[in-house]
Amino acid sequence: MRSLVVTQKGEFEAMRRVLNTNVDGGVKVMYALTAIKGVGRRYANLVLKKADIDFSKRAGELSHDELERIVEIIQNPLQYKIPQWFLNRQKDRTSGKYWQLVSNAVDNSLREDLDRMKKVRVHRGMRHEWNLRVRGQHTKTTGRGGRTVGVTKKK
């Protein structure tokens with residue numbers, strides 16, 4: 001692993017706060033952004049290309065202006081010509097818009113979706129309510145929640 005060389009004092013920050021998330025300053029920018037919930041490697045890569053930021057930089061080396069550019073692009077991806085199919089919330093049920101949800105918004109939307117499914121009594125919502133597998137997995141022998149089931153020998 002290469003060592004980090006800082007030329008000027010006060011230039012490097014070990015921990016950055018971006019979108020309510022602590023981002024490690026010693027990691028390369030693309031991988032550091034993946035610490036933000038709702039931002040994966042591909043989306044981080046695309047954001048850095050749109051912001052015109054060098055991929056070899058560490059997150060702690062970013063200037064304040066570069067960080068603001070990154071946050072602006074993450075929050076408003078459609079204004080920077082990021083395609084709709086790349087976003088993580090496509091055609092929202094209530095508004096019909098396309099969004100990129102990050103940090104707390106991911107948790108809130110998931111909770112709202114589950115509550116809606118439970119309220120409407122959809123099969124998927126019922127399975128969530130009963131704490132059972134939702135996506136069609138077999139449940140006869142797996143996922144018993146720690147209870148051991150086996151055959152006992154007769155004496």
# chains A, B, ... in the order shown; residues from 1 in each chain; ligands from 1
>>> residues_around(residues="Asn76 (chain A)", least_positions_apart="2", cutoff="12 Å", atoms="only C-alpha atoms", output="ChimeraX atom specification")
/A:47,50,69-74,78-84,87,98-102
>>> write_last_selection(atoms="N, CA, C and O atoms", output="short mmCIF file (atom, residue, chain, number, x, y, z; two decimals), in the first residue's frame")
data_model
loop_
_atom_site.label_atom_id
_atom_site.label_comp_id
_atom_site.auth_asym_id
_atom_site.auth_seq_id
_atom_site.Cartn_x
_atom_site.Cartn_y
_atom_site.Cartn_z
N VAL A 47 -20.70 9.99 -10.66
CA VAL A 47 -20.73 11.31 -10.02
C VAL A 47 -19.37 11.99 -10.16
O VAL A 47 -19.27 13.18 -10.48
N LYS A 50 -18.87 13.26 -13.68
CA LYS A 50 -19.66 14.48 -13.93
C LYS A 50 -19.06 15.68 -13.21
O LYS A 50 -19.12 16.80 -13.70
N ARG A 69 -19.57 20.23 -5.10
CA ARG A 69 -19.96 19.76 -6.43
C ARG A 69 -20.46 18.33 -6.37
O ARG A 69 -21.48 17.99 -6.98
N ILE A 70 -19.76 17.48 -5.62
CA ILE A 70 -20.17 16.08 -5.49
C ILE A 70 -21.55 15.98 -4.85
O ILE A 70 -22.42 15.27 -5.33
N VAL A 71 -21.76 16.71 -3.76
CA VAL A 71 -23.05 16.68 -3.06
C VAL A 71 -24.17 17.18 -3.97
O VAL A 71 -25.26 16.59 -4.02
N GLU A 72 -23.91 18.24 -4.73
CA GLU A 72 -24.91 18.79 -5.64
C GLU A 72 -25.30 17.76 -6.70
O GLU A 72 -26.48 17.60 -7.01
N ILE A 73 -24.33 17.05 -7.25
CA ILE A 73 -24.63 16.06 -8.29
C ILE A 73 -25.37 14.87 -7.70
O ILE A 73 -26.30 14.34 -8.31
N ILE A 74 -24.98 14.44 -6.50
CA ILE A 74 -25.66 13.31 -5.86
C ILE A 74 -27.12 13.66 -5.58
O ILE A 74 -28.01 12.84 -5.77
N LEU A 78 -30.52 14.26 -12.20
CA LEU A 78 -31.14 14.48 -13.50
C LEU A 78 -30.71 15.79 -14.14
O LEU A 78 -30.67 15.91 -15.37
N GLN A 79 -30.35 16.78 -13.33
CA GLN A 79 -29.86 18.05 -13.87
C GLN A 79 -28.48 17.91 -14.50
O GLN A 79 -28.10 18.73 -15.32
N TYR A 80 -27.76 16.86 -14.11
CA TYR A 80 -26.41 16.64 -14.64
C TYR A 80 -26.39 15.50 -15.66
O TYR A 80 -25.38 14.87 -15.89
N LYS A 81 -27.56 15.23 -16.26
CA LYS A 81 -27.72 14.26 -17.34
C LYS A 81 -27.33 12.84 -16.94
O LYS A 81 -26.79 12.09 -17.74
N ILE A 82 -27.58 12.47 -15.69
CA ILE A 82 -27.45 11.07 -15.29
C ILE A 82 -28.77 10.41 -15.68
O ILE A 82 -29.84 10.91 -15.34
N PRO A 83 -28.72 9.30 -16.42
CA PRO A 83 -29.97 8.71 -16.94
C PRO A 83 -30.90 8.22 -15.83
O PRO A 83 -30.45 7.85 -14.75
N GLN A 84 -32.20 8.20 -16.15
CA GLN A 84 -33.21 7.81 -15.16
C GLN A 84 -33.03 6.37 -14.71
O GLN A 84 -33.27 6.04 -13.56
N LEU A 87 -30.96 5.58 -11.50
CA LEU A 87 -31.37 6.03 -10.16
C LEU A 87 -31.99 4.89 -9.37
O LEU A 87 -32.51 3.93 -9.93
N TYR A 98 -38.60 10.40 -10.63
CA TYR A 98 -37.43 9.56 -10.48
C TYR A 98 -36.47 10.24 -9.50
O TYR A 98 -36.18 11.42 -9.64
N TRP A 99 -35.97 9.50 -8.51
CA TRP A 99 -35.13 10.06 -7.47
C TRP A 99 -33.89 9.21 -7.27
O TRP A 99 -33.88 8.02 -7.57
N GLN A 100 -32.87 9.83 -6.69
CA GLN A 100 -31.73 9.09 -6.13
C GLN A 100 -31.79 9.32 -4.64
O GLN A 100 -31.51 10.41 -4.17
N LEU A 101 -32.21 8.31 -3.91
CA LEU A 101 -32.36 8.43 -2.46
C LEU A 101 -31.01 8.16 -1.80
O LEU A 101 -30.32 7.21 -2.17
N VAL A 102 -30.64 9.00 -0.84
CA VAL A 102 -29.38 8.80 -0.12
C VAL A 102 -29.61 8.96 1.38
O VAL A 102 -30.56 9.62 1.80
#
>>> residues_around(residues="Asp24 (chain A)", least_positions_apart="3", cutoff="12 Å", atoms="only C-alpha atoms", output="PyMOL selection string")
chain A and resi 12-18+21+27-36+58-62
>>> select_by_dssp(residues="region 79-116 of chain A", states="helix (DSSP H, G or I)", output="list in words")
Gln79, Tyr80, Gln84, Trp85, Phe86, Asn104, Ala105, Val106, Asp107, Asn108, Ser109, Leu110, Arg111, Glu112, Asp113, Leu114, Asp115 and Arg116 of chain A
>>> closest_residue(among="A:Ile53, A:Val122, A:Val39, A:Met117", to="Asn88 (chain A)", atoms="only C-alpha atoms")
A:Val39
>>> closest_residue(among="A:His128, A:Arg144, A:His123, A:Lys91", to="Arg111 (chain A)", atoms="only C-alpha atoms")
A:His128
>>> residues_around(residues="Trp130 (chain A)", least_positions_apart="5", cutoff="12 Å", atoms="only C-alpha atoms", output="NGL selection string")
:A and (118 or 121 or 123-125)
>>> write_last_selection(atoms="C-alpha atoms", output="PDB file, in the first residue's frame")
ATOM      1  CA  LYS A 118     -49.006  -4.197   5.243  1.00  0.00           C
ATOM      2  CA  ARG A 121     -52.780  -6.546   2.997  1.00  0.00           C
ATOM      3  CA  HIS A 123     -49.168 -11.020   0.231  1.00  0.00           C
ATOM      4  CA  ARG A 124     -45.664  -9.560   0.364  1.00  0.00           C
ATOM      5  CA  GLY A 125     -46.691  -7.206   3.174  1.00  0.00           C
TER       6      GLY A 125
END
>>> select_by_dssp(residues="chain A", states="strand (DSSP E or B)", output="list in words")
Met15, Arg16, Arg17, Val18, Thr21, Asn22, Val23, Asp24, Lys28, Arg58, Arg89 and Trp99 of chain A
>>> write_last_selection(atoms="all heavy atoms", output="JSON list (two decimals), in the first residue's frame")
[["chain", "number", "residue", "atom", "x", "y", "z"],
["A", 15, "MET", "N", -11.28, 12.45, 8.44],
["A", 15, "MET", "CA", -12.69, 12.08, 8.40],
["A", 15, "MET", "C", -13.48, 13.26, 7.85],
["A", 15, "MET", "O", -13.36, 14.38, 8.35],
["A", 15, "MET", "CB", -13.16, 11.72, 9.82],
["A", 15, "MET", "CG", -14.45, 10.98, 9.89],
["A", 15, "MET", "SD", -14.45, 9.39, 9.08],
["A", 15, "MET", "CE", -13.68, 8.36, 10.31],
["A", 16, "ARG", "N", -14.28, 13.01, 6.81],
["A", 16, "ARG", "CA", -15.12, 14.06, 6.22],
["A", 16, "ARG", "C", -16.58, 13.76, 6.52],
["A", 16, "ARG", "O", -16.97, 12.60, 6.61],
["A", 16, "ARG", "CB", -14.94, 14.12, 4.69],
["A", 16, "ARG", "CG", -13.53, 14.35, 4.17],
["A", 16, "ARG", "CD", -12.88, 15.60, 4.65],
["A", 16, "ARG", "NE", -13.33, 16.84, 4.11],
["A", 16, "ARG", "CZ", -12.77, 17.49, 3.10],
["A", 16, "ARG", "NH1", -11.71, 17.00, 2.50],
["A", 16, "ARG", "NH2", -13.22, 18.64, 2.71],
["A", 17, "ARG", "N", -17.39, 14.79, 6.64],
["A", 17, "ARG", "CA", -18.82, 14.63, 6.86],
["A", 17, "ARG", "C", -19.53, 15.01, 5.57],
["A", 17, "ARG", "O", -19.53, 16.18, 5.17],
["A", 17, "ARG", "CB", -19.26, 15.53, 8.01],
["A", 17, "ARG", "CG", -20.67, 15.30, 8.45],
["A", 17, "ARG", "CD", -20.75, 14.16, 9.43],
["A", 17, "ARG", "NE", -22.11, 14.06, 9.94],
["A", 17, "ARG", "CZ", -22.62, 12.95, 10.41],
["A", 17, "ARG", "NH1", -21.91, 11.87, 10.47],
["A", 17, "ARG", "NH2", -23.85, 12.93, 10.84],
["A", 18, "VAL", "N", -20.12, 14.01, 4.91],
["A", 18, "VAL", "CA", -20.81, 14.24, 3.63],
["A", 18, "VAL", "C", -22.20, 13.62, 3.72],
["A", 18, "VAL", "O", -22.33, 12.42, 3.99],
["A", 18, "VAL", "CB", -20.04, 13.60, 2.45],
["A", 18, "VAL", "CG1", -20.73, 13.88, 1.14],
["A", 18, "VAL", "CG2", -18.61, 14.10, 2.42],
["A", 21, "THR", "N", -23.08, 11.53, 6.76],
["A", 21, "THR", "CA", -22.33, 10.29, 6.87],
["A", 21, "THR", "C", -20.86, 10.61, 7.05],
["A", 21, "THR", "O", -20.33, 11.50, 6.38],
["A", 21, "THR", "CB", -22.49, 9.44, 5.59],
["A", 21, "THR", "OG1", -23.88, 9.29, 5.31],
["A", 21, "THR", "CG2", -21.86, 8.08, 5.74],
["A", 22, "ASN", "N", -20.19, 9.90, 7.93],
["A", 22, "ASN", "CA", -18.75, 10.04, 8.09],
["A", 22, "ASN", "C", -18.05, 9.27, 6.99],
["A", 22, "ASN", "O", -18.28, 8.08, 6.82],
["A", 22, "ASN", "CB", -18.29, 9.51, 9.45],
["A", 22, "ASN", "CG", -18.81, 10.35, 10.58],
["A", 22, "ASN", "OD1", -19.01, 11.56, 10.44],
["A", 22, "ASN", "ND2", -19.04, 9.74, 11.72],
["A", 23, "VAL", "N", -17.20, 9.96, 6.24],
["A", 23, "VAL", "CA", -16.49, 9.35, 5.12],
["A", 23, "VAL", "C", -15.01, 9.32, 5.47],
["A", 23, "VAL", "O", -14.44, 10.33, 5.88],
["A", 23, "VAL", "CB", -16.74, 10.17, 3.83],
["A", 23, "VAL", "CG1", -15.90, 9.66, 2.69],
["A", 23, "VAL", "CG2", -18.21, 10.12, 3.46],
["A", 24, "ASP", "N", -14.38, 8.16, 5.29],
["A", 24, "ASP", "CA", -12.96, 7.99, 5.61],
["A", 24, "ASP", "C", -12.10, 8.77, 4.63],
["A", 24, "ASP", "O", -12.21, 8.60, 3.42],
["A", 24, "ASP", "CB", -12.61, 6.49, 5.57],
["A", 24, "ASP", "CG", -11.20, 6.21, 6.03],
["A", 24, "ASP", "OD1", -10.58, 7.12, 6.60],
["A", 24, "ASP", "OD2", -10.73, 5.08, 5.83],
["A", 28, "LYS", "N", -9.63, 6.19, -1.37],
["A", 28, "LYS", "CA", -9.85, 6.90, -2.63],
["A", 28, "LYS", "C", -11.30, 7.35, -2.70],
["A", 28, "LYS", "O", -12.19, 6.70, -2.17],
["A", 28, "LYS", "CB", -9.48, 6.00, -3.81],
["A", 28, "LYS", "CG", -8.00, 5.74, -3.84],
["A", 28, "LYS", "CD", -7.53, 5.35, -5.20],
["A", 28, "LYS", "CE", -6.02, 5.20, -5.14],
["A", 28, "LYS", "NZ", -5.44, 4.90, -6.42],
["A", 58, "ARG", "N", -7.56, 11.05, -2.76],
["A", 58, "ARG", "CA", -8.16, 10.51, -1.54],
["A", 58, "ARG", "C", -9.27, 11.44, -1.09],
["A", 58, "ARG", "O", -9.27, 12.63, -1.42],
["A", 58, "ARG", "CB", -7.11, 10.40, -0.43],
["A", 58, "ARG", "CG", -5.89, 9.63, -0.81],
["A", 58, "ARG", "CD", -6.11, 8.16, -0.68],
["A", 58, "ARG", "NE", -5.01, 7.42, -1.27],
["A", 58, "ARG", "CZ", -4.88, 6.11, -1.16],
["A", 58, "ARG", "NH1", -5.78, 5.41, -0.52],
["A", 58, "ARG", "NH2", -3.87, 5.50, -1.73],
["A", 89, "ARG", "N", -34.60, 5.05, -7.13],
["A", 89, "ARG", "CA", -36.03, 5.15, -6.85],
["A", 89, "ARG", "C", -36.72, 5.60, -8.13],
["A", 89, "ARG", "O", -36.82, 6.79, -8.41],
["A", 89, "ARG", "CB", -36.28, 6.16, -5.72],
["A", 89, "ARG", "CG", -37.72, 6.33, -5.34],
["A", 89, "ARG", "CD", -38.21, 5.14, -4.58],
["A", 89, "ARG", "NE", -39.55, 5.38, -4.04],
["A", 89, "ARG", "CZ", -40.18, 4.52, -3.30],
["A", 89, "ARG", "NH1", -39.62, 3.37, -3.01],
["A", 89, "ARG", "NH2", -41.36, 4.79, -2.85],
["A", 99, "TRP", "N", -35.97, 9.50, -8.51],
["A", 99, "TRP", "CA", -35.13, 10.06, -7.47],
["A", 99, "TRP", "C", -33.89, 9.21, -7.27],
["A", 99, "TRP", "O", -33.88, 8.02, -7.57],
["A", 99, "TRP", "CB", -35.84, 10.07, -6.11],
["A", 99, "TRP", "CG", -37.12, 10.83, -6.05],
["A", 99, "TRP", "CD1", -38.38, 10.31, -6.12],
["A", 99, "TRP", "CD2", -37.29, 12.23, -5.91],
["A", 99, "TRP", "NE1", -39.30, 11.30, -6.01],
["A", 99, "TRP", "CE2", -38.65, 12.50, -5.88],
["A", 99, "TRP", "CE3", -36.39, 13.29, -5.79],
["A", 99, "TRP", "CZ2", -39.17, 13.77, -5.75],
["A", 99, "TRP", "CZ3", -36.90, 14.56, -5.66],
["A", 99, "TRP", "CH2", -38.28, 14.79, -5.64]]
